[in-house]
Amino acid sequence: MTTITPQNPNPNLSPPAEIQISPINWVMKNLLTPWYNALITFIIVGIFCYAGYGFCVWAFTEAQWTVIPANLHLFGAGRYPSEEYWRLWVLLSIIVIFSGISWGIVARNVTHLFSRNVLIGLAIAALISFILPIPLLYKLAIIGLLILLSLAAWGGQKIGAKMPGLGQYIAINWFLVYLIGLWLIGGGLGLEEVTTSKWGGLMLTVLMATISIALCFPIGVIFALGRQSNLPVVKLFSVLYIEIIRGIPLIAILFMGQVMIPLFLPEGMRPDRVLRAIIGLTLFSSAYLAENIRGGLQAIPRGQTEAAKALGLNPPLTVSFIVMPQAIKAVIPAIVGQFISLFQDTTLLSIVGVEEFLGISRSVLANPNFLGRSSEVLLFNALGFWVFCYAMSTGSKYIEKRLNVEH
Amino acid sequence: MTVKEQGIPLWRDDRFWKVALQILAVLVVIAIFTLLGYNLNVNMQQVGIEFGFDFLQSQASFAIGEDLTNYDPSDPVAGSYARVMFAGLINTLRVVVVGLILTTIVGITAGVASFSDNWLLQKISQVYVEIARNIPILVQLLFWYLAVFSKLPRPEDRLSFLGMFYASKRGLYLPWPGEVGRFSICAAVLIVGAIAAFFVWRSRVKAIVIKGESGQNQSMILWVITAISVLILLFGLGWQFPHEPTEIGEIEGGLRLTLEISALLVGLIIYTGAFISEIVRAGIQSVARGQWEASKALGLKSNLTMRLVVFPQALRVIIPPLNSQYQNLAKNSSLALAIAYPDIYSVSNTTFNQTGRPIEVMILIMTTYLLMNMVISLSMNQLNRSVQLRER
Amino acid sequence: MWCVMTMRKFSAFLLTAAIAASLAACATPPESSSDGEGEGSSSSTASRLDAVKERGTLNCGVDGGIPGFSYVDESGDYSGLDVDVCKAVAAAVLGDADKVEYRRLDSTERFTAVSGGEVDMLSRNTTWTISRDTEVGMEFAPTTFYDGQGMMVREASGLKELKDFDGKTVCVEAGTTTELNLTDKMRKAGVTPEIKTFQQADPAYAAYEEELCDGFTSDKSQLVARRSTLSKPEDHIVLDVTMSKEPLGPLTVNNDSAWFDVVKWVTYGLIEAEELGITSKNVEEMKSSEDPTIKRFLGAEGDLGTGLGLENDFMVKVISSVGNYGEIYERNLGQESKFKLDRGLNALWTEGGLLYAPPFR
């Protein structure tokens, strides 16, 4: 992930004029020569036809997809009380609007905000929401959200062009959105309170993953610095922490978090179970993040520290203003990778009884009405996770490419 | 202004801070552990449990699904908790060892296939990687177990491939070497042959590259060794094929893999293989184009370029991340408990529940996995050292 | 040139985002814990009874997957015999049967959840055994359901008794007494079946449904209840073998007798109410009954409740919200439910069953 692939040195040059080749030539060249390639091609095509046919027969005749639309609210928000759903929709709209504005502001200098690819993407999203067998209300809501996104992006670009300094506030805004989100989900302060035992589904997955990655950031930085430190005791503790956590399976840590943390706390102090899941994920993830950041720290040339020293900066300032920013920037792709795996790791919470996206699916599968529908539900799960993870990894590759251009 | 002769004040002294920070760190850690330990003690006393590993000697008296260690739940000695956890450990090791070997093969194949000049193969390799690594391992395991292997036909209507492989809800049946004695002799011969082949190959490369000879003799020897090995593999090992009995009943002979271990292995191999494939791809890509061109300019043939120039350099990039993938596979094997395979983690889970000793069992689990990962890490580091550049 | 500029801005944005995220990190824990139970720390000698009163909700560990005992439906509502016991305790302690926070526990985590204080009580069809009472550190309240271990098979399989199970596959839930009994009984029958152990009940029944195992062993009542959730209940039979005694009941943690007494006597109260003929319908009239036993029981006379640290009329609240044991049974398992289980051993001692409450005096 972190390797730099040789790029075309000057991407602005138009590629050499395409030589028109006929499809037959293309097939001959790419699929059929030499002889073993032809063999491989035929074998692959054969297998794919067989498997694809089998899958289609199953998907269109045997599979009973009704289990998905019937439980869509569960997959989305778990056992969240249905009379409070409006709060989630409001939250979703806020997130969409802010994504649109942020997108518009970040891309304020792009001439065509809605380039062909973006339009195609929006159209596909709208089309999919229309095809999906979900209630009409949801379809309309999704399309509404898409329109909201485009409008916000358009507006964001307009505002961004007028006030270029606005870009700095995006992060703070997102932080506010975060707090508002927690308030909307959890309630309190005038809203009906919804306890965490009722949170679930994809909402809980995203929530736990984002909170954990945010929490594990400072811890990861501390342990990365600790491991690089020349103080033997600090280094020893950091190494022990990182290596022990990395050496045991996440499920063991989560189990300890869910079941054993109470044994280590004073009587009466019983943290919330979602909070405990977050603690477990954070402890686990911070050890990996520390290793990633350490990689970045090692990539910073000594000259940087020495120059900072020569300028009279003391060590804490050197670390926080010279070394850390560069180190973190160098490992952004690795951090995104870490986030993707953290996102995937939330599934393990289904084993300890937290009803996140996979956990709620397992509850659905235990429902007498949907027994034996495991293939459909698990495929839906897989698709859901795939969309998120693939989007994130593609995004990170894009960022990586842009970052590489800068050098 | 007068400056004291002692020089810098204490709080500006680096050395003071270094010592102070460390003492602080030690104190904080000790404080945390004392607090946790105290709470634990209070809580345990309240429930009336004493810390200790004596329970390992008592009889477990629960049976486990798969066992290679003669664990006997009805016997007070051969059925102790220690024995059942050992059986679980063996089950884990079985999955981890087989999984590591197969996932390496899958990963390297897919990684190399992404450079294939067959367009279809190249795309399939990419699609495989993008699908497999973007779906959580637990979802994949459950999918393989519940959605694929569980849907196999009943034992009466078992599937059969070429009369050698069978598959049904009872499990997968594969050909397997029969007698242990014969198998070990042949395996020893094969290993000796492989070592010999390795040295012959090295001397052949040396002959070609340094002395400029054709390497014909060594090639001949290599061919002979290969032929003998193939013969031994085919006939020497005494393969036993699973066969259908005359009356309706169990399939006999061969190796039976339960659905649980099959699903676990397939899931782990496919998931980890995708990551390894990416590592291999990135490793090969990391070798600068100039290396290919330079070795071509030196007159090396393309397969020799790959073997002598590109691959050794790629290995340097490949091995460190491979190490962590191997460790991930070992750790992910603990997800066996989601699909009813009795590995060490799932057996321990039952154990602490029957005995009410989560702390002790958790310590055992942590030690086991730490040791397992340490072995993997140490051997990979050893391998890494042998391929790294020796800077002079 | 603009590209360089935006990239700087962009990385600056990412950095600020990271820092903001860490700030958010600092801010989130109180945020998300505030809506959990914020009891703070109390002294370690205090009884759980006080903790429950202070918190205002009862944390009750249930299974959540067994129709008739504890089952959570799509809308998140819990029902069943075990659930009603939780409700009864909540009604007695807090005066409101709905002040219960249910916690689904699987069989392997249940005891640690109790000893860790994760839940105040467990009402999760748990068999009372000596080792659980002593080594595991639990305290068992009276049995609410007398059960026996059985075996469910597909009728078409032709399996009739334990002797037929040689080489067959049996699914069982991990960490249960059934898991232990199974090994013993099969050895006694001289056969060695293959055993698949699942950590949770749901996947175990799913595996049985997928025909991955020939038999499924568990408590008979549970088998009957679970059979009703299978896709074709009529294809499955529960064999006529009883492999063990399974007295199931609620439990609390060791060494907290004030709290244990509450759970114990509320449970006995349900049984006593049936014996006295007090139901949810007539409980208000019964308060003015002439019978001194009933008067004492309902708190109109004497101070039985205060002795437990509860209101004197705690049984009135219990019975008016969940009814007596007979009502609970009929509603969840008996003739009013789809399972139509006979009372059998679970009838009152006056009717040939095993339910017997010590006097409320």
# chains A, B, ... in the order shown; residues from 1 in each chain; ligands from 1

call {"tool": "interface_residues", "arguments": {"of": "chain A", "to": "chain C", "cutoff": "7 Å", "atoms": "only C-alpha atoms", "output": "JSON, numbers by chain"}}
result
{"A": [79, 168, 171, 172, 175, 195, 196, 211, 214, 215, 217, 218, 259, 260, 262, 263, 266, 267, 268, 269, 270, 271, 272, 275, 366, 368, 371, 372, 403, 406]}

call {"tool": "select_by_dssp", "arguments": {"residues": "range 286-359 of chain C", "states": "helix (DSSP H, G or I)", "output": "compact mmCIF listing (two decimals) with N, CA and C atoms, in the first residue's frame"}}
result
# COMPACT_ATOMS: atom_id res chain seq x y z
N MET C 286 -58.20 -8.96 47.08
CA MET C 286 -57.58 -9.81 48.08
C MET C 286 -56.94 -9.01 49.21
N PRO C 292 -55.54 -13.95 57.47
CA PRO C 292 -54.31 -13.30 57.92
C PRO C 292 -53.09 -13.67 57.09
N THR C 293 -53.06 -14.88 56.56
CA THR C 293 -51.92 -15.28 55.71
C THR C 293 -51.85 -14.38 54.49
N ILE C 294 -53.01 -14.20 53.86
CA ILE C 294 -53.05 -13.36 52.66
C ILE C 294 -52.72 -11.93 53.01
N LYS C 295 -53.27 -11.46 54.14
CA LYS C 295 -53.01 -10.09 54.57
C LYS C 295 -51.52 -9.85 54.77
N ARG C 296 -50.89 -10.84 55.46
CA ARG C 296 -49.46 -10.72 55.69
C ARG C 296 -48.70 -10.72 54.37
N PHE C 297 -49.12 -11.63 53.51
CA PHE C 297 -48.45 -11.81 52.23
C PHE C 297 -48.50 -10.53 51.39
N LEU C 304 -43.31 -7.92 56.50
CA LEU C 304 -42.43 -8.86 55.79
C LEU C 304 -41.58 -8.14 54.76
N GLY C 305 -42.17 -7.16 54.09
CA GLY C 305 -41.45 -6.44 53.04
C GLY C 305 -40.27 -5.66 53.58
N THR C 306 -40.51 -4.93 54.66
CA THR C 306 -39.43 -4.11 55.20
C THR C 306 -38.25 -4.97 55.63
N GLY C 307 -38.55 -6.18 56.09
CA GLY C 307 -37.46 -7.08 56.46
C GLY C 307 -36.55 -7.36 55.29
N LEU C 308 -37.11 -7.36 54.10
CA LEU C 308 -36.30 -7.62 52.90
C LEU C 308 -35.65 -6.35 52.37
N PHE C 314 -44.85 -5.19 48.46
CA PHE C 314 -44.10 -5.50 47.22
C PHE C 314 -44.78 -6.60 46.41
N MET C 315 -45.42 -7.57 47.09
CA MET C 315 -46.03 -8.65 46.32
C MET C 315 -47.27 -8.17 45.56
N VAL C 316 -47.90 -7.11 46.05
CA VAL C 316 -49.04 -6.57 45.31
C VAL C 316 -48.58 -6.04 43.96
N LYS C 317 -47.48 -5.30 44.01
CA LYS C 317 -46.95 -4.75 42.76
C LYS C 317 -46.53 -5.87 41.82
N VAL C 318 -45.91 -6.90 42.40
CA VAL C 318 -45.45 -8.01 41.56
C VAL C 318 -46.63 -8.67 40.89
N ILE C 319 -47.62 -9.03 41.69
CA ILE C 319 -48.72 -9.82 41.14
C ILE C 319 -49.57 -8.98 40.20
N SER C 320 -49.76 -7.70 40.52
CA SER C 320 -50.59 -6.91 39.61
C SER C 320 -49.88 -6.69 38.28
N SER C 321 -48.54 -6.76 38.26
CA SER C 321 -47.90 -6.52 36.95
C SER C 321 -47.62 -7.82 36.18
N VAL C 322 -47.25 -8.91 36.85
CA VAL C 322 -46.96 -10.13 36.07
C VAL C 322 -47.87 -11.30 36.41
N TYR C 325 -47.41 -17.42 39.64
CA TYR C 325 -46.64 -18.36 38.84
C TYR C 325 -47.51 -19.07 37.80
N GLY C 326 -48.70 -19.49 38.24
CA GLY C 326 -49.58 -20.20 37.32
C GLY C 326 -49.94 -19.35 36.10
N GLU C 327 -50.22 -18.09 36.35
CA GLU C 327 -50.55 -17.21 35.21
C GLU C 327 -49.35 -17.06 34.28
N ILE C 328 -48.18 -16.87 34.88
CA ILE C 328 -46.97 -16.72 34.06
C ILE C 328 -46.76 -17.96 33.20
N TYR C 329 -46.93 -19.11 33.84
CA TYR C 329 -46.70 -20.36 33.12
C TYR C 329 -47.68 -20.52 31.97
N GLU C 330 -48.95 -20.34 32.28
CA GLU C 330 -49.96 -20.55 31.24
C GLU C 330 -49.76 -19.57 30.08
N ARG C 331 -49.39 -18.34 30.43
CA ARG C 331 -49.24 -17.32 29.39
C ARG C 331 -48.08 -17.63 28.46
N ASN C 332 -46.97 -18.15 29.03
CA ASN C 332 -45.76 -18.32 28.22
C ASN C 332 -45.56 -19.72 27.68
N GLY C 344 -47.03 -30.67 34.60
CA GLY C 344 -46.12 -31.76 34.98
C GLY C 344 -45.49 -31.52 36.32
N LEU C 345 -44.16 -31.58 36.36
CA LEU C 345 -43.43 -31.37 37.61
C LEU C 345 -43.60 -29.95 38.11
N ASN C 346 -44.01 -29.07 37.22
CA ASN C 346 -44.06 -27.66 37.58
C ASN C 346 -45.42 -27.25 38.14
N TRP C 349 -47.20 -28.21 44.78
CA TRP C 349 -47.07 -29.45 45.55
C TRP C 349 -48.43 -30.01 45.92
N THR C 350 -49.42 -29.11 46.02
CA THR C 350 -50.76 -29.58 46.35
C THR C 350 -51.41 -30.32 45.19
N GLU C 351 -50.82 -30.15 44.00
CA GLU C 351 -51.40 -30.81 42.83
C GLU C 351 -50.45 -31.81 42.24

call {"tool": "select_by_dssp", "arguments": {"residues": "range 62-216 of chain B", "states": "strand (DSSP E or B)", "output": "number ranges by chain"}}
result
B: 80, 159-161, 165-168, 171-174, 176-177

call {"tool": "interface_residues", "arguments": {"of": "chain B", "to": "chain C", "cutoff": "8 Å", "atoms": "only C-alpha atoms", "output": "PyMOL selection string"}}
result
chain B and resi 42-43+46-49+61-65+73-74+146+150-151+154+169-170+337-342+346+349-351+353-358

call {"tool": "write_last_selection", "arguments": {"atoms": "N, CA and C atoms", "output": "compact mmCIF listing (two decimals), in the first residue's frame"}}
result
# COMPACT_ATOMS: atom_id res chain seq x y z
N VAL B 42 -10.72 -7.65 45.40
CA VAL B 42 -11.97 -7.39 46.12
C VAL B 42 -13.12 -8.13 45.46
N ASN B 43 -13.19 -7.99 44.14
CA ASN B 43 -14.30 -8.61 43.42
C ASN B 43 -14.27 -10.13 43.55
N GLN B 46 -15.29 -11.23 46.96
CA GLN B 46 -16.72 -11.11 47.17
C GLN B 46 -17.46 -12.31 46.60
N VAL B 47 -16.97 -12.79 45.47
CA VAL B 47 -17.61 -13.95 44.86
C VAL B 47 -17.08 -15.23 45.51
N GLY B 48 -15.93 -15.15 46.12
CA GLY B 48 -15.39 -16.32 46.79
C GLY B 48 -14.58 -17.22 45.89
N ILE B 49 -13.84 -16.64 44.95
CA ILE B 49 -13.00 -17.44 44.06
C ILE B 49 -11.54 -17.14 44.39
N SER B 61 -14.59 -33.40 31.44
CA SER B 61 -15.82 -34.15 31.16
C SER B 61 -16.74 -33.49 30.14
N PHE B 62 -16.19 -32.73 29.21
CA PHE B 62 -16.99 -32.39 28.03
C PHE B 62 -16.22 -32.82 26.80
N ALA B 63 -16.95 -33.32 25.83
CA ALA B 63 -16.30 -33.86 24.64
C ALA B 63 -16.09 -32.76 23.62
N ILE B 64 -15.07 -32.88 22.79
CA ILE B 64 -14.90 -31.90 21.72
C ILE B 64 -14.99 -32.61 20.38
N GLY B 65 -15.34 -31.86 19.38
CA GLY B 65 -15.67 -32.43 18.08
C GLY B 65 -14.51 -33.07 17.36
N PRO B 73 -12.79 -37.61 27.67
CA PRO B 73 -13.51 -36.89 28.72
C PRO B 73 -13.95 -37.78 29.88
N SER B 74 -14.00 -39.10 29.66
CA SER B 74 -14.50 -39.96 30.73
C SER B 74 -13.39 -40.41 31.65
N LEU B 146 -21.99 -21.36 6.64
CA LEU B 146 -23.45 -21.47 6.61
C LEU B 146 -23.99 -21.46 5.19
N SER B 150 -22.59 -25.77 4.38
CA SER B 150 -23.81 -26.35 4.95
C SER B 150 -24.80 -26.77 3.88
N LYS B 151 -24.65 -26.21 2.69
CA LYS B 151 -25.61 -26.53 1.64
C LYS B 151 -25.19 -27.75 0.82
N ARG B 154 -26.82 -34.25 1.46
CA ARG B 154 -26.76 -35.21 2.56
C ARG B 154 -25.79 -36.33 2.21
N LYS B 169 -22.57 -33.40 3.69
CA LYS B 169 -22.69 -32.73 4.97
C LYS B 169 -21.80 -33.38 6.03
N ARG B 170 -21.35 -34.59 5.78
CA ARG B 170 -20.46 -35.25 6.74
C ARG B 170 -19.04 -34.69 6.66
N LEU B 337 -14.35 -20.18 16.83
CA LEU B 337 -15.46 -20.41 17.75
C LEU B 337 -16.79 -19.97 17.15
N ALA B 338 -16.74 -19.12 16.12
CA ALA B 338 -18.01 -18.72 15.50
C ALA B 338 -18.58 -19.84 14.64
N ILE B 339 -17.73 -20.79 14.25
CA ILE B 339 -18.24 -21.86 13.38
C ILE B 339 -18.00 -23.23 13.99
N ALA B 340 -17.95 -23.29 15.31
CA ALA B 340 -17.98 -24.58 16.03
C ALA B 340 -16.77 -25.46 15.77
N TYR B 341 -15.64 -24.87 15.45
CA TYR B 341 -14.43 -25.69 15.37
C TYR B 341 -13.72 -25.57 16.71
N PRO B 342 -13.39 -26.69 17.35
CA PRO B 342 -12.83 -26.62 18.71
C PRO B 342 -11.36 -26.24 18.72
N SER B 346 -11.80 -21.55 21.54
CA SER B 346 -13.17 -21.96 21.81
C SER B 346 -13.21 -22.98 22.95
N ASN B 349 -12.84 -21.10 26.12
CA ASN B 349 -14.08 -20.44 26.44
C ASN B 349 -15.00 -21.35 27.24
N THR B 350 -15.14 -22.59 26.75
CA THR B 350 -15.94 -23.56 27.49
C THR B 350 -15.33 -23.83 28.86
N THR B 351 -14.00 -23.94 28.89
CA THR B 351 -13.32 -24.28 30.13
C THR B 351 -13.59 -23.25 31.22
N ASN B 353 -15.91 -21.27 31.46
CA ASN B 353 -17.31 -21.23 31.83
C ASN B 353 -17.67 -22.36 32.77
N GLN B 354 -17.08 -23.55 32.53
CA GLN B 354 -17.37 -24.67 33.42
C GLN B 354 -16.68 -24.49 34.76
N THR B 355 -15.54 -23.79 34.77
CA THR B 355 -14.79 -23.69 36.01
C THR B 355 -14.94 -22.34 36.68
N GLY B 356 -15.45 -21.34 35.95
CA GLY B 356 -15.58 -20.01 36.53
C GLY B 356 -14.26 -19.33 36.77
N ARG B 357 -13.28 -19.55 35.89
CA ARG B 357 -11.98 -18.93 36.09
C ARG B 357 -11.52 -18.17 34.84
N PRO B 358 -12.16 -17.05 34.58
CA PRO B 358 -11.80 -16.32 33.35
C PRO B 358 -10.38 -15.79 33.35

call {"tool": "interface_residues", "arguments": {"of": "chain A", "to": "chain B", "cutoff": "7 Å", "atoms": "only C-alpha atoms", "output": "list in words"}}
result
Thr3, Thr5, Asn30, Leu31, Asn37, Thr41, Leu231, Val233, Val234, Ile244, Gly247, Ile248, Pro249, Leu263, Phe264, Leu265, Pro266, Gln344, Asp345, Thr347, Leu348, Ser374, Ser375, Leu378, Ala382, Phe385, Trp386, Cys389 and Tyr390 of chain A

call {"tool": "residues_around", "arguments": {"residues": "Leu159 in chain C", "least_positions_apart": "6", "cutoff": "10 Å", "atoms": "only C-alpha atoms", "output": "VMD selection string"}}
result
chain C and resid 152 to 153 165 168 214 to 215 237 239

call {"tool": "atom_distance", "arguments": {"atom1": "CA of Leu122 in chain A", "atom2": "CA of Ser93 in chain A"}}
result
16.3 Å

call {"tool": "atom_distance", "arguments": {"atom1": "CA of Trp292 in chain B", "atom2": "CA of Ile108 in chain B"}}
result
20.0 Å

call {"tool": "residues_around", "arguments": {"residues": "Lys264 in chain C", "least_positions_apart": "5", "cutoff": "9 Å", "atoms": "only C-alpha atoms", "output": "ChimeraX atom specification"}}
result
/C:140-142,250-251,259,269

call {"tool": "write_last_selection", "arguments": {"atoms": "C-alpha atoms", "output": "PDB file, in the first residue's frame"}}
result
ATOM      1  CA  PHE C 140     -29.353 -20.028  43.141  1.00  0.00           C
ATOM      2  CA  ALA C 141     -32.834 -18.761  43.825  1.00  0.00           C
ATOM      3  CA  PRO C 142     -35.667 -21.322  43.851  1.00  0.00           C
ATOM      4  CA  PRO C 250     -32.799 -17.368  38.559  1.00  0.00           C
ATOM      5  CA  LEU C 251     -29.531 -16.700  40.346  1.00  0.00           C
ATOM      6  CA  TRP C 259     -29.950  -9.048  47.378  1.00  0.00           C
ATOM      7  CA  GLY C 269     -43.849 -15.175  46.302  1.00  0.00           C
TER       8      GLY C 269
END

call {"tool": "residues_around", "arguments": {"residues": "range 253-257 of chain A", "least_positions_apart": "2", "cutoff": "7 Å", "atoms": "only C-alpha atoms", "output": "PyMOL selection string"}}
result
chain A and resi 249-251+259-261+276-277+280+352

call {"tool": "atom_distance", "arguments": {"atom1": "CA of Ile322 in chain A", "atom2": "CA of Val336 in chain A"}}
result
21.9 Å

call {"tool": "residues_around", "arguments": {"residues": "Asn323 in chain B", "least_positions_apart": "3", "cutoff": "9 Å", "atoms": "only C-alpha atoms", "output": "ChimeraX atom specification"}}
result
/B:318-320,326-328,376-377,380-381

call {"tool": "residues_around", "arguments": {"residues": "range 218-232 of chain B", "least_positions_apart": "3", "cutoff": "8 Å", "atoms": "only C-alpha atoms", "output": "PyMOL selection string"}}
result
chain B and resi 186+190+193+197+200-201+203-204+215+235-237

call {"tool": "write_last_selection", "arguments": {"atoms": "N, CA and C atoms", "output": "PDB file, in the first residue's frame"}}
result
ATOM      1  N   CYS B 186       9.163 -42.083   2.901  1.00  0.00           N
ATOM      2  CA  CYS B 186       9.094 -41.390   1.617  1.00  0.00           C
ATOM      3  C   CYS B 186       9.242 -39.892   1.789  1.00  0.00           C
ATOM      4  N   LEU B 190      11.936 -37.435   0.105  1.00  0.00           N
ATOM      5  CA  LEU B 190      11.552 -36.243  -0.642  1.00  0.00           C
ATOM      6  C   LEU B 190      12.284 -35.016  -0.125  1.00  0.00           C
ATOM      7  N   GLY B 193      15.788 -35.085  -1.217  1.00  0.00           N
ATOM      8  CA  GLY B 193      15.820 -34.743  -2.636  1.00  0.00           C
ATOM      9  C   GLY B 193      15.694 -33.248  -2.851  1.00  0.00           C
ATOM     10  N   ALA B 197      18.326 -30.905  -4.553  1.00  0.00           N
ATOM     11  CA  ALA B 197      17.951 -30.138  -5.741  1.00  0.00           C
ATOM     12  C   ALA B 197      18.312 -28.680  -5.565  1.00  0.00           C
ATOM     13  N   VAL B 200      22.026 -28.312  -6.128  1.00  0.00           N
ATOM     14  CA  VAL B 200      22.347 -28.472  -7.542  1.00  0.00           C
ATOM     15  C   VAL B 200      21.936 -27.232  -8.318  1.00  0.00           C
ATOM     16  N   TRP B 201      20.761 -26.710  -7.975  1.00  0.00           N
ATOM     17  CA  TRP B 201      20.254 -25.536  -8.679  1.00  0.00           C
ATOM     18  C   TRP B 201      21.179 -24.351  -8.460  1.00  0.00           C
ATOM     19  N   SER B 203      24.355 -24.468  -7.786  1.00  0.00           N
ATOM     20  CA  SER B 203      25.619 -24.609  -8.513  1.00  0.00           C
ATOM     21  C   SER B 203      25.386 -24.408 -10.006  1.00  0.00           C
ATOM     22  N   ARG B 204      24.147 -24.732 -10.452  1.00  0.00           N
ATOM     23  CA  ARG B 204      23.852 -24.527 -11.871  1.00  0.00           C
ATOM     24  C   ARG B 204      23.850 -23.031 -12.186  1.00  0.00           C
ATOM     25  N   GLY B 215      25.554 -25.331 -18.043  1.00  0.00           N
ATOM     26  CA  GLY B 215      24.828 -25.905 -16.916  1.00  0.00           C
ATOM     27  C   GLY B 215      24.048 -27.144 -17.290  1.00  0.00           C
ATOM     28  N   PHE B 235       3.360 -42.856  -6.322  1.00  0.00           N
ATOM     29  CA  PHE B 235       3.174 -44.258  -5.948  1.00  0.00           C
ATOM     30  C   PHE B 235       3.756 -44.607  -4.579  1.00  0.00           C
ATOM     31  N   GLY B 236       4.823 -43.880  -4.188  1.00  0.00           N
ATOM     32  CA  GLY B 236       5.535 -44.264  -2.979  1.00  0.00           C
ATOM     33  C   GLY B 236       4.765 -43.994  -1.704  1.00  0.00           C
ATOM     34  N   LEU B 237       3.976 -42.921  -1.693  1.00  0.00           N
ATOM     35  CA  LEU B 237       3.345 -42.523  -0.437  1.00  0.00           C
ATOM     36  C   LEU B 237       2.202 -43.438  -0.027  1.00  0.00           C
TER      37      LEU B 237
END

call {"tool": "decode", "arguments": {"residues": "range 215-232 of chain B", "atoms": "C-alpha atoms", "output": "PDB file, in the first residue's frame"}}
result
ATOM      1  CA  GLY B 215      24.828 -25.905 -16.916  1.00  0.00           C
ATOM      2  CA  GLN B 216      23.732 -28.968 -18.853  1.00  0.00           C
ATOM      3  CA  ASN B 217      25.007 -31.493 -16.313  1.00  0.00           C
ATOM      4  CA  GLN B 218      23.246 -29.867 -13.422  1.00  0.00           C
ATOM      5  CA  SER B 219      20.063 -29.601 -15.434  1.00  0.00           C
ATOM      6  CA  MET B 220      20.209 -33.327 -16.072  1.00  0.00           C
ATOM      7  CA  ILE B 221      20.576 -34.039 -12.358  1.00  0.00           C
ATOM      8  CA  LEU B 222      17.694 -31.719 -11.586  1.00  0.00           C
ATOM      9  CA  TRP B 223      15.461 -33.518 -14.070  1.00  0.00           C
ATOM     10  CA  VAL B 224      16.354 -36.891 -12.561  1.00  0.00           C
ATOM     11  CA  ILE B 225      15.559 -35.672  -9.057  1.00  0.00           C
ATOM     12  CA  THR B 226      12.252 -34.244 -10.251  1.00  0.00           C
ATOM     13  CA  ALA B 227      11.295 -37.468 -11.983  1.00  0.00           C
ATOM     14  CA  ILE B 228      12.100 -39.566  -8.914  1.00  0.00           C
ATOM     15  CA  SER B 229      10.160 -37.192  -6.659  1.00  0.00           C
ATOM     16  CA  VAL B 230       7.121 -37.323  -8.892  1.00  0.00           C
ATOM     17  CA  LEU B 231       7.260 -41.113  -8.917  1.00  0.00           C
ATOM     18  CA  ILE B 232       7.515 -41.230  -5.135  1.00  0.00           C
TER      19      ILE B 232
END
